[in-house]
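Below: the structure, in structure tokens.
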Amino acid sequence: MGKGLFGRKIGMTQVFDFEGQRVPVTVLEVGPCPVLHVKTEAGPDGYNALVIGFGKKKVKQINKPDAGLFAKAGVEICAHIGEMRVSAEDVGQVEVGMMLDASAFTAGQIVDIRGISKGRGFTGVIKRHNMHMPKASHGTHEVFRHGGSLGMRTTPGRVWLGKKMAGQYGVEKVTIQNLKIHSVEPEKNLIVVRGSCPGANGSLIWIQEPSKPAKKAGV
Amino acid sequence: MNSLISYVQSGHLRFDLPSFATGDTVRVHGRIIEGEKERVQIYEGVVLRKSAGQGVDATFTVRKISNGIGVERIFPMHSPRLLKMEVLSSGKVRRAKIYFLRELQGKAAKLKKIEEQY
């Protein structure tokens with residue numbers, strides 16, 4: 001029913017699949033996410049969407065508009081608020097105050113996971129853009145981790161816009177598409193996903209139905 | 001380890017293998033899947049080390065001399081592909097990782113056996 005949910009990255013481990021092979025997996029704590037508001041096409045908003053929350057916050061940490069939202073929905077204060085577009089059919093099944101949890105997803109399902117990647121600070125081109133290191137021998141001196149030439153000569157006489165250089169790396173929104181759910185543990189609100197997810201352990205993630213169809217069946 | 005991670009791992013752990021230590025000579029019955037066929041391969045050798053990995057990450061390394069060439073295989077401790085494991089004898093070793101065996105050949109590579117005490 002829920003097209004997407006908030007969650008938290010717990011960490012990575014490995015498990016055995018039904019063939020006995022080791023699989024690298026990421027453990028996510030997903031939900032419970034209370035429905036704060038339901039937007040409908042017929043209503044003043046003009047489109048179908050759900051507003052959901054996740055996490056905890058103190059009363060003094062929120063502003064008055066948000067406080068009103070939580071009071072109206074009759075749920076505890078949430079740290080994170082998000083909106084997702086859903087079909088008219090889904091809107092009909094959901095009421096304000098309902099809890100959406102990990103059981104919205106099933107094992108074997110393909111999902112997209114969005115998060116904020118780990119911050120690496122101001123980073124050189126070797127790490128940031130996977131450029132090659134200059135050679136260390138054959139007369140090379142004073143260059144260790146340079147990116148090489150920036151461009152041509154008098155023509156064009158400038159550096160192309162978007163030239164890959166050093167700069168801030170990480171702390172950006174990253175979406176990993178088409179990850180397969182290995183298993184779901186509804187009693188602990190856990191979803192175990194094959195592969196890795198962006199962000200540090202404990203960071204906020206958003207898990208949703210895939211935005212693109214998987215290229216191969218059973219990816 | 002995070003309690004939620006150990007919760008996920010708990011379903012994948014197995015406790016039916018006999019207890020063994022570094023220096024033991026063991027016989028491991030492993031399930032080998034080749035295409036659609038399945039067979040059991042027996043691998044016998046000396047346990048060189050048990051990994052520091054915790055929970056489902058734990059592995060152990062078994063060394064044997066195959067046709068005069070030293071072979072080491074690493075088995076995941078909790079793999080469902082391990083059908084059976086037998087401890088044939090226990091060697092007298094002082095350390096947890098007996099890598100020095102790699103340098104030794106012939107009679108020198110033999111470990112003193114610990115006689116079972118009753």
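By order in the structure tokens, chains are A, B, ...; within a chain, residues start at 1; ligands start at 1, following the order shown.
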Requested in this report: Write out as a VMD selection string which residues come within 8 Å of A:Arg8 when counting only C-alpha atoms, dropping same-chain ones fewer than 2 positions away.
Outcome: chain A and resid 6 10 28 to 30 201 to 205
Taking all heavy atoms for each residue, export the selection above as a PDB file, in the first residue's frame.
ATOM      1  N   PHE A   6      10.003   6.087   5.425  1.00  0.00           N
ATOM      2  CA  PHE A   6      11.253   6.506   6.040  1.00  0.00           C
ATOM      3  C   PHE A   6      11.863   5.340   6.797  1.00  0.00           C
ATOM      4  O   PHE A   6      11.156   4.453   7.274  1.00  0.00           O
ATOM      5  CB  PHE A   6      11.008   7.640   7.043  1.00  0.00           C
ATOM      6  CG  PHE A   6      10.870   8.994   6.418  1.00  0.00           C
ATOM      7  CD1 PHE A   6       9.689   9.704   6.527  1.00  0.00           C
ATOM      8  CD2 PHE A   6      11.922   9.561   5.733  1.00  0.00           C
ATOM      9  CE1 PHE A   6       9.559  10.959   5.961  1.00  0.00           C
ATOM     10  CE2 PHE A   6      11.807  10.816   5.161  1.00  0.00           C
ATOM     11  CZ  PHE A   6      10.619  11.519   5.284  1.00  0.00           C
ATOM     12  N   ILE A  10      20.860   0.578   9.654  1.00  0.00           N
ATOM     13  CA  ILE A  10      21.446  -0.018  10.861  1.00  0.00           C
ATOM     14  C   ILE A  10      22.884  -0.433  10.585  1.00  0.00           C
ATOM     15  O   ILE A  10      23.789  -0.165  11.353  1.00  0.00           O
ATOM     16  CB  ILE A  10      20.612  -1.230  11.330  1.00  0.00           C
ATOM     17  CG1 ILE A  10      19.168  -0.807  11.620  1.00  0.00           C
ATOM     18  CG2 ILE A  10      21.230  -1.855  12.561  1.00  0.00           C
ATOM     19  CD1 ILE A  10      19.010   0.194  12.717  1.00  0.00           C
ATOM     20  N   LEU A  28      17.944  -2.448   7.467  1.00  0.00           N
ATOM     21  CA  LEU A  28      17.280  -1.147   7.596  1.00  0.00           C
ATOM     22  C   LEU A  28      16.147  -1.268   8.597  1.00  0.00           C
ATOM     23  O   LEU A  28      15.388  -2.238   8.574  1.00  0.00           O
ATOM     24  CB  LEU A  28      16.713  -0.705   6.241  1.00  0.00           C
ATOM     25  CG  LEU A  28      17.655  -0.697   5.045  1.00  0.00           C
ATOM     26  CD1 LEU A  28      16.865  -0.455   3.783  1.00  0.00           C
ATOM     27  CD2 LEU A  28      18.712   0.358   5.218  1.00  0.00           C
ATOM     28  N   GLU A  29      16.051  -0.290   9.483  1.00  0.00           N
ATOM     29  CA  GLU A  29      14.898  -0.215  10.376  1.00  0.00           C
ATOM     30  C   GLU A  29      13.912   0.728   9.703  1.00  0.00           C
ATOM     31  O   GLU A  29      14.190   1.922   9.562  1.00  0.00           O
ATOM     32  CB  GLU A  29      15.329   0.316  11.743  1.00  0.00           C
ATOM     33  CG  GLU A  29      14.253   0.210  12.783  1.00  0.00           C
ATOM     34  CD  GLU A  29      14.726   0.693  14.148  1.00  0.00           C
ATOM     35  OE1 GLU A  29      15.716   1.440  14.203  1.00  0.00           O
ATOM     36  OE2 GLU A  29      14.087   0.329  15.138  1.00  0.00           O
ATOM     37  N   VAL A  30      12.782   0.202   9.258  1.00  0.00           N
ATOM     38  CA  VAL A  30      11.850   0.995   8.448  1.00  0.00           C
ATOM     39  C   VAL A  30      10.559   1.207   9.224  1.00  0.00           C
ATOM     40  O   VAL A  30       9.950   0.257   9.705  1.00  0.00           O
ATOM     41  CB  VAL A  30      11.571   0.287   7.107  1.00  0.00           C
ATOM     42  CG1 VAL A  30      10.516   1.027   6.325  1.00  0.00           C
ATOM     43  CG2 VAL A  30      12.839   0.183   6.297  1.00  0.00           C
ATOM     44  N   ASN A 201      25.978   4.437   9.133  1.00  0.00           N
ATOM     45  CA  ASN A 201      25.072   3.679   9.985  1.00  0.00           C
ATOM     46  C   ASN A 201      24.289   4.645  10.867  1.00  0.00           C
ATOM     47  O   ASN A 201      24.854   5.570  11.434  1.00  0.00           O
ATOM     48  CB  ASN A 201      25.846   2.697  10.859  1.00  0.00           C
ATOM     49  CG  ASN A 201      26.446   1.569  10.051  1.00  0.00           C
ATOM     50  OD1 ASN A 201      26.125   1.405   8.879  1.00  0.00           O
ATOM     51  ND2 ASN A 201      27.315   0.816  10.677  1.00  0.00           N
ATOM     52  N   GLY A 202      22.988   4.438  10.977  1.00  0.00           N
ATOM     53  CA  GLY A 202      22.149   5.300  11.797  1.00  0.00           C
ATOM     54  C   GLY A 202      21.559   6.467  11.046  1.00  0.00           C
ATOM     55  O   GLY A 202      20.763   7.220  11.597  1.00  0.00           O
ATOM     56  N   SER A 203      21.945   6.636   9.764  1.00  0.00           N
ATOM     57  CA  SER A 203      21.440   7.791   9.030  1.00  0.00           C
ATOM     58  C   SER A 203      20.064   7.504   8.435  1.00  0.00           C
ATOM     59  O   SER A 203      19.659   6.359   8.247  1.00  0.00           O
ATOM     60  CB  SER A 203      22.419   8.197   7.933  1.00  0.00           C
ATOM     61  OG  SER A 203      22.526   7.172   6.986  1.00  0.00           O
ATOM     62  N   LEU A 204      19.356   8.605   8.128  1.00  0.00           N
ATOM     63  CA  LEU A 204      17.991   8.503   7.618  1.00  0.00           C
ATOM     64  C   LEU A 204      18.007   8.028   6.172  1.00  0.00           C
ATOM     65  O   LEU A 204      18.817   8.488   5.367  1.00  0.00           O
ATOM     66  CB  LEU A 204      17.325   9.879   7.697  1.00  0.00           C
ATOM     67  CG  LEU A 204      15.858   9.953   7.301  1.00  0.00           C
ATOM     68  CD1 LEU A 204      14.979   9.376   8.387  1.00  0.00           C
ATOM     69  CD2 LEU A 204      15.466  11.375   6.992  1.00  0.00           C
ATOM     70  N   ILE A 205      17.109   7.101   5.830  1.00  0.00           N
ATOM     71  CA  ILE A 205      16.982   6.672   4.438  1.00  0.00           C
ATOM     72  C   ILE A 205      15.506   6.687   4.043  1.00  0.00           C
ATOM     73  O   ILE A 205      14.615   6.720   4.892  1.00  0.00           O
ATOM     74  CB  ILE A 205      17.590   5.270   4.188  1.00  0.00           C
ATOM     75  CG1 ILE A 205      16.998   4.233   5.145  1.00  0.00           C
ATOM     76  CG2 ILE A 205      19.093   5.272   4.287  1.00  0.00           C
ATOM     77  CD1 ILE A 205      16.037   3.315   4.498  1.00  0.00           C
TER      78      ILE A 205
END
Query raised in the report: Which residues of chain B are close to chain A, meaning at most 12 Å apart when you count only C-alpha atoms, and how do they look as a ChimeraX atom specification?
Result: /B:1-14,30-33,36,38,53-59,75-83
Query raised in the report: Quick one: DSSP helix (DSSP H, G or I) residues in chain A, as an NGL selection string?
Result: :A and (59-61 or 64-73 or 88-93 or 102-104 or 125-129 or 186-188)
Requested in this report: Show which residues sit within 10 Å of A:Phe122, as an NGL selection string. Count only C-alpha atoms, and ignore same-chain residues fewer than 4 positions away.
Outcome: :A and (128 or 166-170)
**Report entry** Using only C-alpha atoms: which of A:Lys39, A:Lys163, A:Lys173, A:His132 has the shortest distance to A:Ala88
**Finding:** A:Lys39
**Report entry** Those in stretch 72-141 of chain A with strand (DSSP E) from DSSP, as an MDAnalysis selection string
**Finding:** chainID A and resid 80:85 99:100 110:116 121:123
With C-alpha atoms retained, could you export that selection as a compact mmCIF listing (two decimals), in the first residue's frame?
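File produced: part_28.txt:
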# COMPACT_ATOMS: atom_id res chain seq x y z
CA HIS A 80 11.03 13.95 9.75
CA ILE A 81 8.08 14.73 7.49
CA GLY A 82 7.78 13.57 3.90
CA GLU A 83 5.20 13.53 1.14
CA MET A 84 4.67 10.92 -1.54
CA ARG A 85 2.36 10.80 -4.53
CA MET A 99 0.75 3.60 11.05
CA LEU A 100 2.62 2.38 7.97
CA ILE A 110 12.66 -4.55 -5.94
CA VAL A 111 13.05 -1.14 -4.26
CA ASP A 112 14.91 2.14 -4.60
CA ILE A 113 16.75 3.51 -1.56
CA ARG A 114 17.64 7.16 -1.11
CA GLY A 115 19.96 8.59 1.49
CA ILE A 116 22.61 11.20 2.20
CA GLY A 121 35.11 16.89 2.93
CA PHE A 122 37.22 18.75 0.36
CA THR A 123 38.62 15.92 -1.73
Query raised in the report: If you measure from atom CA of A:Ala107 to atom CA of A:Asn178, what distance in Å do you get, rounded to one decimal?
Result: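 Straight-line distance from atom CA of A:Ala107 to atom CA of A:Asn178 works out to 13.4 Å.
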Query raised in the report: So how far away is atom CA of B:Arg63 from atom CA of B:Val46, in Å?
Result: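 Answer for the atom CA of B:Val46 to atom CA of B:Arg63 separation: 5.2 Å.
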Query - Who sits within 8 Å of stretch 15-18 of chain B, only C-alpha atoms, same chain under 5 positions skipped, as a list in words - result: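 Counting only the stated atoms, we get Lys84, Met85, Glu86 and Val87 of chain B.
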**Report entry** d(atom CA of A:Cys78, atom CA of A:Ser196) in Å
**Finding:**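 Interatomic distance here is 26.6 Å.
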Report summary line: A:Phe105 proximity check over A:Pro24, A:Gly4, A:Gly157, A:Gly74, using only C-alpha atoms: winner is A:Gly4
Query raised in the report: Which residues come within 12 Å of A:Ala71, counting only C-alpha atoms, excluding same-chain residues fewer than 3 positions away, as a list of chain:residue names?
Result: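 My list of contacting residues is A:Leu36, A:His37, A:Val59, A:Lys64, A:Pro65, A:Asp66, A:Ala67, A:Gly68, A:Gly74, A:Val75, A:Glu76, A:Ile77, A:Cys78, A:Val96, A:Gly97.
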Query raised in the report: Any idea what's packed within 12 Å of B:Gly106, counting only C-alpha atoms, ignoring anything in its chain fewer than 3 positions away? Could you give it as a ChimeraX atom specification?
Result: /B:64-65,68-70,101-103,109-111
Query raised in the report: Near A:Gly147, within 10 Å and counting only C-alpha atoms, which residues show up once chain neighbours fewer than 4 positions away are dropped, as a list in words?
Result: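 Surrounding residues, per the criterion: Gly124, Val125, Ile126, His129, Asn130, Met131, His132, Met133, Pro134, Val143, Lys164, Met165 and Ala166 of chain A.
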